[in-house]
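Participant: Have a peek at entry_1.pdb (PDB, C-alpha atoms and all ligand atoms).
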```pdb
ATOM      1  CA  MET A1062      74.324  37.341   0.455
ATOM      2  CA  LEU A1063      75.881  34.118  -0.792
ATOM      3  CA  ALA A1064      75.163  30.878   1.069
ATOM      4  CA  ILE A1065      77.601  27.969   0.853
ATOM      5  CA  THR A1066      76.392  24.579   2.044
ATOM      6  CA  GLY A1067      78.840  21.871   3.109
ATOM      7  CA  ALA A1068      80.857  24.832   4.356
ATOM      8  CA  THR A1069      82.969  22.777   6.752
ATOM      9  CA  GLY A1070      83.958  20.306   4.010
ATOM     10  CA  HIS A1071      87.030  20.554   1.780
ATOM     11  CA  LEU A1072      85.374  22.224  -1.208
ATOM     12  CA  GLY A1073      83.144  24.440   0.926
ATOM     13  CA  GLN A1074      86.044  25.707   3.034
ATOM     14  CA  ALA A1075      88.155  26.382  -0.044
ATOM     15  CA  THR A1076      85.315  28.212  -1.795
ATOM     16  CA  ILE A1077      84.788  30.451   1.217
ATOM     17  CA  GLN A1078      88.505  31.256   1.410
ATOM     18  CA  SER A1079      88.412  32.285  -2.273
ATOM     19  CA  LEU A1080      85.237  34.311  -1.695
ATOM     20  CA  LEU A1081      86.865  36.167   1.207
ATOM     21  CA  LEU A1082      89.319  37.645  -1.306
ATOM     22  CA  LYS A1083      86.394  39.154  -3.205
ATOM     23  CA  VAL A1084      83.542  40.063  -0.859
ATOM     24  CA  ALA A1085      83.064  41.191   2.738
ATOM     25  CA  PRO A1086      82.853  38.292   5.218
ATOM     26  CA  ALA A1087      79.374  39.425   6.319
ATOM     27  CA  GLU A1088      78.156  38.755   2.762
ATOM     28  CA  ILE A1089      78.987  35.052   3.142
ATOM     29  CA  VAL A1090      76.651  32.611   4.871
ATOM     30  CA  ALA A1091      78.320  29.329   5.812
ATOM     31  CA  VAL A1092      75.622  26.668   6.118
ATOM     32  CA  VAL A1093      76.864  23.843   8.342
ATOM     33  CA  ARG A1094      75.311  20.802   9.977
ATOM     34  CA  ASP A1095      77.724  20.907  12.913
ATOM     35  CA  LEU A1096      78.186  24.382  14.380
ATOM     36  CA  THR A1097      81.120  23.231  16.506
ATOM     37  CA  LYS A1098      83.232  22.784  13.361
ATOM     38  CA  ALA A1099      82.715  26.382  12.233
ATOM     39  CA  ASP A1100      84.664  28.408  14.836
ATOM     40  CA  GLY A1101      87.361  29.320  12.314
ATOM     41  CA  LEU A1102      84.792  30.649   9.843
ATOM     42  CA  ARG A1103      83.085  32.656  12.581
ATOM     43  CA  GLN A1104      86.421  34.165  13.592
ATOM     44  CA  GLN A1105      86.882  35.312   9.993
ATOM     45  CA  GLY A1106      83.595  37.226  10.212
ATOM     46  CA  VAL A1107      81.581  34.816   8.069
ATOM     47  CA  GLN A1108      77.931  34.350   9.087
ATOM     48  CA  VAL A1109      77.520  30.784  10.294
ATOM     49  CA  ARG A1110      74.052  29.231  10.211
ATOM     50  CA  HIS A1111      72.860  25.753  11.042
ATOM     51  CA  GLY A1112      71.484  23.804   8.073
ATOM     52  CA  ASP A1113      71.217  20.027   7.817
ATOM     53  CA  TYR A1114      70.334  18.457   4.463
ATOM     54  CA  ASN A1115      67.984  16.130   6.380
ATOM     55  CA  ASP A1116      66.212  18.996   8.198
ATOM     56  CA  PHE A1117      64.123  21.044   5.769
ATOM     57  CA  ASP A1118      63.155  23.758   8.281
ATOM     58  CA  SER A1119      66.784  24.385   9.249
ATOM     59  CA  LEU A1120      67.600  24.956   5.563
ATOM     60  CA  VAL A1121      64.711  27.379   5.025
ATOM     61  CA  ALA A1122      65.883  29.391   8.045
ATOM     62  CA  ALA A1123      69.509  29.316   6.880
ATOM     63  CA  PHE A1124      68.625  30.658   3.414
ATOM     64  CA  GLN A1125      66.746  33.788   4.552
ATOM     65  CA  GLY A1126      67.955  36.900   2.709
ATOM     66  CA  VAL A1127      70.234  34.898   0.415
ATOM     67  CA  ALA A1128      70.622  35.744  -3.296
ATOM     68  CA  THR A1129      72.527  32.623  -4.370
ATOM     69  CA  VAL A1130      72.928  29.224  -2.744
ATOM     70  CA  LEU A1131      75.895  27.028  -3.603
ATOM     71  CA  LEU A1132      74.685  23.471  -2.970
ATOM     72  CA  ILE A1133      77.750  21.306  -2.490
ATOM     73  CA  SER A1134      76.669  17.728  -3.077
ATOM     74  CA  THR A1135      76.385  15.587   0.036
ATOM     75  CA  SER A1136      78.931  13.065   1.259
ATOM     76  CA  GLU A1137      76.056  10.597   1.781
ATOM     77  CA  VAL A1138      76.645   7.687  -0.632
ATOM     78  CA  GLU A1139      73.301   5.880  -0.961
ATOM     79  CA  PHE A1140      71.177   6.983  -3.935
ATOM     80  CA  ALA A1141      67.786   7.616  -2.260
ATOM     81  CA  PRO A1142      68.911   9.634   0.792
ATOM     82  CA  ARG A1143      71.436  11.471  -1.354
ATOM     83  CA  VAL A1144      68.791  12.671  -3.802
ATOM     84  CA  GLN A1145      66.357  13.438  -0.971
ATOM     85  CA  GLN A1146      68.937  15.634   0.761
ATOM     86  CA  HIS A1147      69.600  17.579  -2.434
ATOM     87  CA  GLN A1148      65.874  17.964  -3.053
ATOM     88  CA  ASN A1149      65.458  19.322   0.479
ATOM     89  CA  VAL A1150      68.043  22.024  -0.240
ATOM     90  CA  ILE A1151      66.420  22.956  -3.574
ATOM     91  CA  ASP A1152      62.919  23.062  -2.060
ATOM     92  CA  ALA A1153      64.146  25.082   0.920
ATOM     93  CA  ALA A1154      65.874  27.592  -1.356
ATOM     94  CA  ARG A1155      62.641  28.026  -3.283
ATOM     95  CA  GLN A1156      60.610  28.415  -0.087
ATOM     96  CA  ALA A1157      63.057  30.992   1.257
ATOM     97  CA  GLY A1158      62.746  33.011  -1.968
ATOM     98  CA  VAL A1159      66.328  32.413  -3.153
ATOM     99  CA  PRO A1160      66.450  33.231  -6.883
ATOM    100  CA  HIS A1161      69.550  31.233  -7.932
ATOM    101  CA  LEU A1162      71.140  27.923  -6.943
ATOM    102  CA  ILE A1163      74.488  26.528  -8.074
ATOM    103  CA  TYR A1164      74.920  22.749  -7.786
ATOM    104  CA  THR A1165      78.158  20.747  -7.846
ATOM    105  CA  SER A1166      77.373  17.815 -10.129
ATOM    106  CA  VAL A1167      79.664  15.442 -12.018
ATOM    107  CA  LEU A1168      80.904  15.200 -15.602
ATOM    108  CA  ASN A1169      78.520  13.272 -17.829
ATOM    109  CA  PRO A1170      75.902  12.573 -15.149
ATOM    110  CA  SER A1171      73.885   9.510 -16.065
ATOM    111  CA  ARG A1172      71.530   7.028 -14.476
ATOM    112  CA  ASP A1173      73.465   4.280 -16.322
ATOM    113  CA  SER A1174      76.928   5.307 -15.158
ATOM    114  CA  HIS A1175      79.401   2.895 -13.584
ATOM    115  CA  PHE A1176      80.240   5.691 -11.127
ATOM    116  CA  ALA A1177      77.957   5.254  -8.098
ATOM    117  CA  ALA A1178      77.450   8.977  -7.488
ATOM    118  CA  SER A1179      76.477   9.745 -11.082
ATOM    119  CA  PRO A1180      72.816   8.592 -11.057
ATOM    120  CA  SER A1181      72.076  10.776  -8.028
ATOM    121  CA  HIS A1182      73.676  13.756  -9.751
ATOM    122  CA  ALA A1183      71.535  13.122 -12.846
ATOM    123  CA  ALA A1184      68.400  12.918 -10.687
ATOM    124  CA  THR A1185      69.302  16.097  -8.789
ATOM    125  CA  GLU A1186      70.004  17.977 -12.021
ATOM    126  CA  ASP A1187      66.580  16.957 -13.368
ATOM    127  CA  TYR A1188      64.904  18.096 -10.157
ATOM    128  CA  LEU A1189      66.744  21.412 -10.118
ATOM    129  CA  ARG A1190      66.003  22.163 -13.788
ATOM    130  CA  ALA A1191      62.293  21.570 -13.107
ATOM    131  CA  SER A1192      62.290  23.568  -9.838
ATOM    132  CA  GLY A1193      61.720  26.999 -11.348
ATOM    133  CA  LEU A1194      64.908  28.323  -9.694
ATOM    134  CA  ALA A1195      67.601  29.823 -11.872
ATOM    135  CA  TYR A1196      70.323  27.170 -11.771
ATOM    136  CA  THR A1197      73.975  26.705 -12.607
ATOM    137  CA  LEU A1198      75.291  23.170 -12.985
ATOM    138  CA  PHE A1199      78.952  22.815 -12.092
ATOM    139  CA  ARG A1200      79.782  19.369 -13.472
ATOM    140  CA  ASP A1201      82.996  18.582 -11.645
ATOM    141  CA  THR A1202      85.489  16.033 -12.826
ATOM    142  CA  LEU A1203      87.558  13.973 -10.361
ATOM    143  CA  TYR A1204      89.798  15.924  -8.033
ATOM    144  CA  LEU A1205      93.478  15.899  -8.998
ATOM    145  CA  ASP A1206      94.027  15.668  -5.238
ATOM    146  CA  LEU A1207      92.855  12.032  -5.428
ATOM    147  CA  VAL A1208      95.685  10.860  -7.715
ATOM    148  CA  PRO A1209      98.137  10.147  -4.857
ATOM    149  CA  GLU A1210      95.375   8.153  -3.135
ATOM    150  CA  PHE A1211      94.689   6.184  -6.310
ATOM    151  CA  ALA A1212      98.442   5.563  -6.703
ATOM    152  CA  GLY A1213      98.633   4.296  -3.109
ATOM    153  CA  PRO A1214     101.264   4.720  -0.401
ATOM    154  CA  ASP A1215     103.520   1.986  -1.815
ATOM    155  CA  VAL A1216     103.864   3.418  -5.309
ATOM    156  CA  LEU A1217     107.342   4.841  -4.755
ATOM    157  CA  PRO A1218     108.875   2.167  -2.559
ATOM    158  CA  SER A1219     107.617  -0.509  -4.960
ATOM    159  CA  GLY A1220     108.067   1.389  -8.236
ATOM    160  CA  LYS A1221     104.733  -0.096  -9.365
ATOM    161  CA  LEU A1222     101.452   1.664  -9.970
ATOM    162  CA  TYR A1223      98.539  -0.779 -10.029
ATOM    163  CA  SER A1224      95.256   0.236 -11.642
ATOM    164  CA  ALA A1225      92.169  -1.502 -12.997
ATOM    165  CA  ALA A1226      91.284   1.475 -15.198
ATOM    166  CA  GLY A1227      93.032  -0.015 -18.242
ATOM    167  CA  GLU A1228      94.063   2.736 -20.646
ATOM    168  CA  GLY A1229      91.061   4.908 -19.677
ATOM    169  CA  LYS A1230      91.869   8.592 -19.432
ATOM    170  CA  VAL A1231      90.555  11.022 -16.831
ATOM    171  CA  SER A1232      90.363  14.788 -16.823
ATOM    172  CA  TYR A1233      91.468  15.910 -13.361
ATOM    173  CA  ALA A1234      91.070  19.309 -11.672
ATOM    174  CA  LEU A1235      92.556  20.559  -8.420
ATOM    175  CA  ARG A1236      89.861  20.973  -5.765
ATOM    176  CA  ILE A1237      91.160  24.355  -4.625
ATOM    177  CA  GLU A1238      90.964  25.620  -8.217
ATOM    178  CA  ILE A1239      87.399  24.304  -8.607
ATOM    179  CA  ALA A1240      86.661  26.327  -5.457
ATOM    180  CA  GLU A1241      88.258  29.394  -7.016
ATOM    181  CA  ALA A1242      86.157  28.986 -10.171
ATOM    182  CA  LEU A1243      83.038  28.609  -8.003
ATOM    183  CA  ALA A1244      83.906  31.837  -6.168
ATOM    184  CA  ASN A1245      84.360  33.586  -9.515
ATOM    185  CA  VAL A1246      80.920  32.412 -10.641
ATOM    186  CA  LEU A1247      79.321  33.350  -7.307
ATOM    187  CA  THR A1248      80.639  36.910  -7.619
ATOM    188  CA  SER A1249      79.875  37.588 -11.289
ATOM    189  CA  THR A1250      76.781  37.716 -13.452
ATOM    190  CA  GLY A1251      75.368  35.795 -16.391
ATOM    191  CA  HIS A1252      75.480  32.240 -15.004
ATOM    192  CA  GLU A1253      71.739  31.598 -14.772
ATOM    193  CA  ASN A1254      70.581  28.365 -16.430
ATOM    194  CA  GLN A1255      74.102  27.478 -17.539
ATOM    195  CA  THR A1256      75.771  24.061 -17.467
ATOM    196  CA  TYR A1257      79.537  24.088 -17.022
ATOM    197  CA  ASP A1258      81.691  21.028 -17.689
ATOM    198  CA  ILE A1259      84.567  21.344 -15.241
ATOM    199  CA  GLY A1260      86.718  18.865 -17.133
ATOM    200  CA  PRO A1261      89.876  20.422 -18.541
ATOM    201  CA  GLY A1262      92.248  18.741 -20.951
ATOM    202  CA  PRO A1263      94.609  17.039 -21.104
ATOM    203  CA  SER A1264      93.238  13.823 -19.653
ATOM    204  CA  TYR A1265      95.563  11.233 -18.158
ATOM    205  CA  SER A1266      95.578   7.442 -17.955
ATOM    206  CA  ALA A1267      97.129   5.423 -15.135
ATOM    207  CA  ARG A1268     100.027   4.770 -17.530
ATOM    208  CA  ASP A1269     100.443   8.555 -17.966
ATOM    209  CA  ILE A1270     100.450   8.979 -14.184
ATOM    210  CA  ALA A1271     103.138   6.304 -13.755
ATOM    211  CA  ARG A1272     105.286   7.941 -16.454
ATOM    212  CA  THR A1273     104.826  11.391 -14.913
ATOM    213  CA  LEU A1274     105.714  10.046 -11.464
ATOM    214  CA  SER A1275     108.915   8.612 -12.951
ATOM    215  CA  GLU A1276     109.786  12.015 -14.435
ATOM    216  CA  VAL A1277     109.008  13.915 -11.257
ATOM    217  CA  THR A1278     110.827  11.618  -8.819
ATOM    218  CA  GLY A1279     113.616  10.344 -11.064
ATOM    219  CA  GLN A1280     112.651   6.848  -9.938
ATOM    220  CA  PRO A1281     111.203   4.381 -12.464
ATOM    221  CA  VAL A1282     107.501   3.705 -11.850
ATOM    222  CA  GLU A1283     105.967   0.903 -13.884
ATOM    223  CA  TYR A1284     102.260   0.783 -14.696
ATOM    224  CA  VAL A1285     100.803  -2.623 -13.805
ATOM    225  CA  PRO A1286      97.277  -3.147 -15.194
ATOM    226  CA  ILE A1287      95.084  -5.370 -13.009
ATOM    227  CA  THR A1288      91.494  -6.593 -13.317
ATOM    228  CA  THR A1289      88.615  -5.155 -11.324
ATOM    229  CA  ASP A1290      88.310  -8.562  -9.613
ATOM    230  CA  ALA A1291      91.930  -8.301  -8.469
ATOM    231  CA  LEU A1292      91.294  -4.731  -7.263
ATOM    232  CA  ALA A1293      88.255  -5.837  -5.269
ATOM    233  CA  ALA A1294      90.065  -8.867  -3.815
ATOM    234  CA  GLY A1295      93.002  -6.696  -2.765
ATOM    235  CA  MET A1296      90.721  -4.195  -1.036
ATOM    236  CA  ARG A1297      88.766  -6.942   0.721
ATOM    237  CA  GLY A1298      92.086  -8.426   1.857
ATOM    238  CA  GLN A1299      92.766  -5.112   3.604
ATOM    239  CA  GLN A1300      89.311  -5.233   5.294
ATOM    240  CA  VAL A1301      88.010  -2.303   3.218
ATOM    241  CA  PRO A1302      84.213  -2.141   3.740
ATOM    242  CA  GLU A1303      82.156  -3.591   0.869
ATOM    243  CA  PRO A1304      80.395  -0.305  -0.102
ATOM    244  CA  PHE A1305      83.783   1.336  -0.599
ATOM    245  CA  VAL A1306      85.042  -1.644  -2.624
ATOM    246  CA  ASN A1307      82.015  -1.303  -4.912
ATOM    247  CA  LEU A1308      82.512   2.454  -5.156
ATOM    248  CA  MET A1309      86.150   2.057  -6.232
ATOM    249  CA  VAL A1310      85.329  -0.699  -8.739
ATOM    250  CA  GLY A1311      82.663   1.595 -10.210
ATOM    251  CA  ILE A1312      85.096   4.497 -10.422
ATOM    252  CA  VAL A1313      87.727   2.524 -12.326
ATOM    253  CA  LYS A1314      85.072   1.114 -14.662
ATOM    254  CA  ALA A1315      83.905   4.690 -15.316
ATOM    255  CA  MET A1316      87.514   5.687 -15.954
ATOM    256  CA  GLU A1317      88.039   2.842 -18.416
ATOM    257  CA  ALA A1318      84.762   3.678 -20.190
ATOM    258  CA  GLY A1319      85.914   7.287 -20.661
ATOM    259  CA  GLU A1320      83.061   8.719 -18.584
ATOM    260  CA  LEU A1321      85.448  11.144 -16.915
ATOM    261  CA  GLU A1322      87.477  12.126 -19.971
ATOM    262  CA  SER A1323      87.024  15.675 -21.199
ATOM    263  CA  ALA A1324      88.879  18.565 -22.809
ATOM    264  CA  ASP A1325      86.538  21.439 -22.159
ATOM    265  CA  PRO A1326      87.853  25.044 -22.114
ATOM    266  CA  THR A1327      85.156  26.217 -19.641
ATOM    267  CA  PHE A1328      87.206  25.596 -16.499
ATOM    268  CA  GLU A1329      90.158  27.642 -17.788
ATOM    269  CA  ARG A1330      87.749  30.442 -18.733
ATOM    270  CA  LEU A1331      86.039  30.478 -15.332
ATOM    271  CA  LEU A1332      89.368  30.245 -13.507
ATOM    272  CA  GLY A1333      90.946  32.962 -15.652
ATOM    273  CA  ARG A1334      94.185  31.040 -16.195
ATOM    274  CA  LYS A1335      95.470  27.603 -17.137
ATOM    275  CA  PRO A1336      94.587  25.025 -14.468
ATOM    276  CA  THR A1337      97.380  23.204 -12.642
ATOM    277  CA  ASP A1338      98.441  20.165 -14.671
ATOM    278  CA  LEU A1339      99.324  16.669 -13.474
ATOM    279  CA  LYS A1340     103.103  17.103 -13.576
ATOM    280  CA  THR A1341     103.043  20.376 -11.616
ATOM    281  CA  TYR A1342     100.762  18.867  -8.979
ATOM    282  CA  LEU A1343     102.737  15.627  -8.625
ATOM    283  CA  THR A1344     105.907  17.691  -8.267
ATOM    284  CA  THR A1345     104.423  19.501  -5.253
ATOM    285  CA  VAL A1346     103.402  16.171  -3.698
ATOM    286  CA  TYR A1347     106.337  13.866  -4.475
ATOM    287  CA  ALA A1348     109.457  15.833  -5.372
ATOM    288  CA  LYS A1349     111.958  16.024  -2.532
TER     289      LYS A1349
HETATM  290  N1  LIG A1401      84.955  15.427  -7.769
HETATM  291  C1  LIG A1401      85.481  14.555  -6.925
HETATM  292  O1  LIG A1401      86.570  13.976  -7.153
HETATM  293  C2  LIG A1401      84.785  14.241  -5.655
HETATM  294  C3  LIG A1401      85.411  13.416  -4.720
HETATM  295  C4  LIG A1401      84.741  13.156  -3.538
HETATM  296  C5  LIG A1401      83.502  13.704  -3.310
HETATM  297  N2  LIG A1401      82.934  14.512  -4.243
HETATM  298  C6  LIG A1401      81.598  15.130  -4.041
HETATM  299  O2  LIG A1401      81.815  16.531  -3.871
HETATM  300  C7  LIG A1401      81.347  16.939  -2.570
HETATM  301  C8  LIG A1401      82.288  17.989  -2.031
HETATM  302  O3  LIG A1401      83.602  17.452  -1.936
HETATM  303  P1  LIG A1401      84.455  17.657  -0.623
HETATM  304  O4  LIG A1401      85.814  17.198  -0.951
HETATM  305  O5  LIG A1401      84.247  19.016  -0.077
HETATM  306  O6  LIG A1401      83.756  16.600   0.356
HETATM  307  P2  LIG A1401      83.671  16.676   1.948
HETATM  308  O7  LIG A1401      84.895  17.321   2.498
HETATM  309  O8  LIG A1401      83.326  15.311   2.408
HETATM  310  O9  LIG A1401      82.443  17.673   2.205
HETATM  311  C9  LIG A1401      81.120  17.255   2.156
HETATM  312  C10 LIG A1401      80.312  18.256   2.938
HETATM  313  O10 LIG A1401      78.931  17.843   2.941
HETATM  314  C11 LIG A1401      78.459  18.085   4.250
HETATM  315  N3  LIG A1401      77.298  17.273   4.559
HETATM  316  C12 LIG A1401      77.173  15.934   4.475
HETATM  317  N4  LIG A1401      75.953  15.545   4.911
HETATM  318  C13 LIG A1401      75.314  16.686   5.273
HETATM  319  C14 LIG A1401      74.038  16.949   5.819
HETATM  320  N5  LIG A1401      73.187  15.961   6.125
HETATM  321  N6  LIG A1401      73.708  18.236   6.044
HETATM  322  C15 LIG A1401      74.550  19.258   5.774
HETATM  323  N7  LIG A1401      75.790  19.060   5.270
HETATM  324  C16 LIG A1401      76.163  17.789   5.037
HETATM  325  C17 LIG A1401      79.606  17.693   5.143
HETATM  326  O11 LIG A1401      79.422  18.215   6.448
HETATM  327  P3  LIG A1401      80.531  17.942   7.609
HETATM  328  O12 LIG A1401      81.627  18.937   7.349
HETATM  329  O13 LIG A1401      79.786  18.211   8.859
HETATM  330  O14 LIG A1401      80.992  16.526   7.462
HETATM  331  C18 LIG A1401      80.761  18.336   4.406
HETATM  332  O15 LIG A1401      80.893  19.687   4.785
HETATM  333  C19 LIG A1401      81.266  15.639  -1.770
HETATM  334  O16 LIG A1401      80.315  15.754  -0.729
HETATM  335  C20 LIG A1401      80.871  14.629  -2.815
HETATM  336  O17 LIG A1401      79.475  14.690  -3.081
HETATM  337  C21 LIG A1401      83.554  14.819  -5.399
END
```
As structure tokens, how would this structure be written, given the file I've shared?

Facilitator:
Amino acid sequence: MLAITGATGHLGQATIQSLLLKVAPAEIVAVVRDLTKADGLRQQGVQVRHGDYNDFDSLVAAFQGVATVLLISTSEVEFAPRVQQHQNVIDAARQAGVPHLIYTSVLNPSRDSHFAASPSHAATEDYLRASGLAYTLFRDTLYLDLVPEFAGPDVLPSGKLYSAAGEGKVSYALRIEIAEALANVLTSTGHENQTYDIGPGPSYSARDIARTLSEVTGQPVEYVPITTDALAAGMRGQQVPEPFVNLMVGIVKAMEAGELESADPTFERLLGRKPTDLKTYLTTVYAK
């Protein structure tokens, strides 16, 4: 049996839908903290079990009889509780006798990263490698799905794309295709103690995104570089909470520093085809 944590989240849901094309629903264990969100999964025949990252015993119970756990990193943002939650899942998997755990990390995880989530990914990776479990590290890049959010709702009416990422380039990957690659790994062999950089080329800067938006929509979109101070001031002006302001400033600093730039063939290999590129994705979102 294959257990998917965070099964009611975006990546968890998408991974389970990909898995359902490959294995019987009864082989899939959806581990969820809120059972009321899992009716759809239950109706598809998936086993739904309660498991909260903050409740060790619930995780041990949820992992009984499981061969592989996919630990989808938590949506908690603070470093200490984030790492503790991941450690709870790893310890529970070990206690339940699960041989193999796959963890969704981030490209270039580092305790010195500008990107706020990166230090907790680095700490979790260290803990998992030392746990004695067979592990697979799925070091995800930023979701391509976030590009329209980064561009903002006014990008087309204004014809201006503001970014504080300078000329920094980012390797993006579509979340649903990361899910598909995860399902492929969950249902095939030879992934023990492997580290996969899910960071396909080409990488794109904010200037590239503006140019591609112009091509896709036929409307000129100008890239307007701004400072991180201007980004933060703009967000505060819209009453965005301070932790989210800091998170965004960290993300654009990481982008500018090239922390999320990659051209690794692993994702294409695991997916079994070329990943969706920026222009194709923006066409589905913006073209009329
Ligand atoms: N690569 C990227 O661009 C990117 C972007 C954003 C986030 N991420 C990371 O990747 C993860 C997966 O992405 P996503 O889009 O699927 O995020 P998501 O939709 O927010 O899913 C996160 C999942 O974690 C679950 N969760 C949170 N706290 C939990 C707890 N205490 N116990 C059990 N489950 C808990 C959530 O449960 P509920 O369904 O009950 O809320 C949800 O199912 C995120 O959590 C985050 O760590 C990556």

Participant: For A:Ala1271, please output as a VMD selection string all residues within 7 Å (counting all atoms listed in the file; exclusion window: fewer than 2 positions along the same chain).

Facilitator: chain A and resid 1222 1267 to 1269 1273 to 1275 1282 to 1284

Participant: Could you list the residues chosen by the PyMOL selection byres (((chain A and resi 1236-1251) around 9) and not hetatm) in this structure as a PyMOL selection string?

Facilitator: chain A and resi 1063+1071-1080+1083-1084+1129-1131+1163+1199+1201+1203-1206+1234-1235+1252-1255+1259+1328-1333+1336-1337

Participant: So how many Å separate atom CA of A:His1147 and atom C9 of ligand LIG 1401 (chain A), to one decimal?

Facilitator: 12.4 Å

Participant: Please expand the PyMOL selection byres (((not hetatm)) within 6 of (chain A and resi 1401)) into the concrete residues it hits in this file, giving the result as a PyMOL selection string.

Facilitator: chain A and resi 1067-1073+1093-1095+1112-1115+1133-1137+1201-1204

Participant: Suppose you want the space between atom CA of A:Arg1155 and atom CA of A:Thr1097; what is it in Å?

Facilitator: 27.5 Å

Participant: Could you tell me which of A:Gly1213, A:Ile1089, A:Val1138, A:Glu1276 comes closest to A:Met1296 if we count all atoms listed in the file?

Facilitator: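 Closest to A:Met1296 of all the choices is A:Gly1213.
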
Participant: Any chance you could resolve the PyMOL selection byres (((chain A and resi 1175) around 7) and not hetatm) against this file and give the residues as a list in words?

Facilitator: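 This file gives the following for the PyMOL selection byres (((chain A and resi 1175) around 7) and not hetatm): Asp1173, Ser1174, Phe1176, Ala1177, Gly1311, Ile1312, Lys1314 and Ala1315 of chain A.
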
Participant: Using the file's own x, y and z axes, what box holds all listed atoms of stretch 1194-1213 of chain A with 3 Å on each side, keeping edges along x, y and z, and what are its centre and edge lengths in Å to one decimal, as AutoDock Vina command-line options?

Facilitator:
```
--center_x 81.8 --center_y 17.1 --center_z -8.3 --size_x 39.7 --size_y 31.5 --size_z 16.4
```

Participant: Between A:His1161, A:His1182, A:His1111, A:Arg1297, which has the minimum distance to A:Gln1146 (counting all atoms listed in the file)?

Facilitator: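 With all atoms listed in the file as the atom set, the closest residue is A:His1182.
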
Participant: Find the spatial neighbours of A:Ala1087, counting all atoms listed in the file, within a cut-off of 12 Å - ignore same-chain residues fewer than 4 positions away - and output them as an MDAnalysis selection string.

Facilitator: chainID A and resid 1062:1064 1077 1080:1081 1083 1091 1102:1109 1127

Participant: Neighbours of A:Gly1260 within 10 Å (all atoms listed in the file; same-chain residues fewer than 5 positions away dropped), as a list in words?

Facilitator: Val1167, Leu1168, Asn1169, Arg1200, Asp1201, Thr1202, Leu1203, Val1231, Ser1232, Tyr1233, Ala1234, Leu1321, Glu1322, Ser1323, Ala1324, Asp1325, Pro1326, Thr1327, Phe1328 and Glu1329 of chain A

Participant: Looking at all atoms listed in the file, which of A:Asp1152, A:Glu1139, A:Glu1088, A:Asp1100 is the one that sits closest to A:Gly1126?

Facilitator: A:Glu1088

Participant: Counting only C-alpha atoms, which residue out of A:Tyr1164, A:Tyr1265, A:Phe1117, A:Tyr1257 sits closest to A:Asn1149?

Facilitator: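 Of all the options, A:Phe1117 lies closest to A:Asn1149.
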